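**Student:** Below you'll find the structure I mean.
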Amino acid sequence: MNTLRIWASALSAAAILCAAVAYFKPHMRFEKVLKLALSAFLMTVLLTPFCGKNKIDIASFFPDESVAAAQQSDARDFLNEQQLNAAAQAIKQELGEHLKRKGYAFEEIALSMNIDEDNNISINEITITGVPEKQRQKVHDDLKREYRLEAAVR
């Protein structure tokens, strides 16, 4: 990365130098030769990192396939986790609002979810805690009837 920074600085300095010489050049017979020389100088500075023994290894700026695959896998896992969290939050909110509308007391709704290879989200387990013992069966039956969900009510 340092090599790239040095090359960019040299290219910028060469461009400024060429622009200054072109601006302040005296009018003479060899203007075309001077322009050609400045262009050749600028092209040399531009191409220097890609030629010779001190050339920049362009491949070093791009990760190899194993690193790219690992980064892609990490990104996929992160997105899957974000999707699961968003889906769980939405389900908890919907179930919580439903239970409150029906007048059921509860403390917490916990969900266990996963995403399969086809990006399908499935609910493994729903646990609702803090429900009074007399209402547990009613809550269970209500969620099964309204949402077709099996929930452990405690």
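The way I read the labels, and the way they are meant: chains A, B, ... in the order of the structure tokens, residue 1 as the first residue of every chain, and ligand 1 as the first ligand shown, with later ones counted on from there.
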Any chance you could list, as a ChimeraX atom specification, the residues in chain A that come up strand (DSSP E or B) when DSSP is run on the backbone?
**Tutor:** /A:108-115,121-129,152-153
**Student:** List the spatial neighbours of region 116-121 of chain A as a PDB file with all heavy atoms, in the first residue's frame - criterion: any atom at most 9 Å away, only C-alpha atoms, same-chain residues fewer than 6 positions off excluded.
**Tutor:**
```pdb
ATOM      1  N   ASN A  80     -27.339 -13.089   7.696  1.00  0.00           N
ATOM      2  CA  ASN A  80     -28.293 -14.062   8.223  1.00  0.00           C
ATOM      3  C   ASN A  80     -28.647 -13.742   9.670  1.00  0.00           C
ATOM      4  O   ASN A  80     -29.812 -13.825  10.063  1.00  0.00           O
ATOM      5  CB  ASN A  80     -27.741 -15.480   8.115  1.00  0.00           C
ATOM      6  CG  ASN A  80     -27.800 -16.011   6.707  1.00  0.00           C
ATOM      7  OD1 ASN A  80     -28.471 -15.460   5.846  1.00  0.00           O
ATOM      8  ND2 ASN A  80     -27.095 -17.094   6.464  1.00  0.00           N
ATOM      9  N   GLN A  83     -30.957 -10.807   9.675  1.00  0.00           N
ATOM     10  CA  GLN A  83     -32.302 -11.220   9.260  1.00  0.00           C
ATOM     11  C   GLN A  83     -33.025 -11.948  10.383  1.00  0.00           C
ATOM     12  O   GLN A  83     -34.210 -11.698  10.633  1.00  0.00           O
ATOM     13  CB  GLN A  83     -32.229 -12.140   8.039  1.00  0.00           C
ATOM     14  CG  GLN A  83     -31.907 -11.446   6.754  1.00  0.00           C
ATOM     15  CD  GLN A  83     -31.803 -12.426   5.607  1.00  0.00           C
ATOM     16  OE1 GLN A  83     -31.326 -13.542   5.775  1.00  0.00           O
ATOM     17  NE2 GLN A  83     -32.244 -12.017   4.438  1.00  0.00           N
ATOM     18  N   LEU A  84     -32.313 -12.849  11.053  1.00  0.00           N
ATOM     19  CA  LEU A  84     -32.935 -13.585  12.160  1.00  0.00           C
ATOM     20  C   LEU A  84     -33.346 -12.638  13.277  1.00  0.00           C
ATOM     21  O   LEU A  84     -34.444 -12.762  13.829  1.00  0.00           O
ATOM     22  CB  LEU A  84     -31.977 -14.645  12.706  1.00  0.00           C
ATOM     23  CG  LEU A  84     -31.856 -15.926  11.903  1.00  0.00           C
ATOM     24  CD1 LEU A  84     -30.812 -16.842  12.522  1.00  0.00           C
ATOM     25  CD2 LEU A  84     -33.192 -16.636  11.816  1.00  0.00           C
ATOM     26  N   ALA A  87     -36.416 -10.653  12.119  1.00  0.00           N
ATOM     27  CA  ALA A  87     -37.612 -11.504  12.096  1.00  0.00           C
ATOM     28  C   ALA A  87     -38.062 -11.835  13.514  1.00  0.00           C
ATOM     29  O   ALA A  87     -39.260 -11.791  13.813  1.00  0.00           O
ATOM     30  CB  ALA A  87     -37.332 -12.789  11.318  1.00  0.00           C
TER      31      ALA A  87
END
```
**Student:** Applying 12 Å and only C-alpha atoms, which residues near Glu133 (chain A) remain after dropping the ones on its own chain fewer than 5 positions away? List them as a list in words.
**Tutor:**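 Everything that qualifies: Tyr104, Ala105, Phe106, Lys138, Val139, His140, Val153 and Arg154 of chain A.
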**Student:** Running DSSP on the backbone, which parts of region 66-152 of chain A land in helix (DSSP H, G or I), as an NGL selection string?
**Tutor:** :A and (66-102 or 133-147)
**Student:** Have a look at CA of Ile109 (chain A) and CA of Leu79 (chain A) and let me know their distance in Å, one decimal.
**Tutor:**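 It comes out at 23.1 Å.
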**Student:** Pick from A:Leu111, A:Leu99, A:Ala20, A:Ala88: nearest to Thr127 (chain A), with only C-alpha atoms counted?
**Tutor:**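 When distances to Thr127 (chain A) are compared using only C-alpha atoms, the smallest one comes from A:Leu111.
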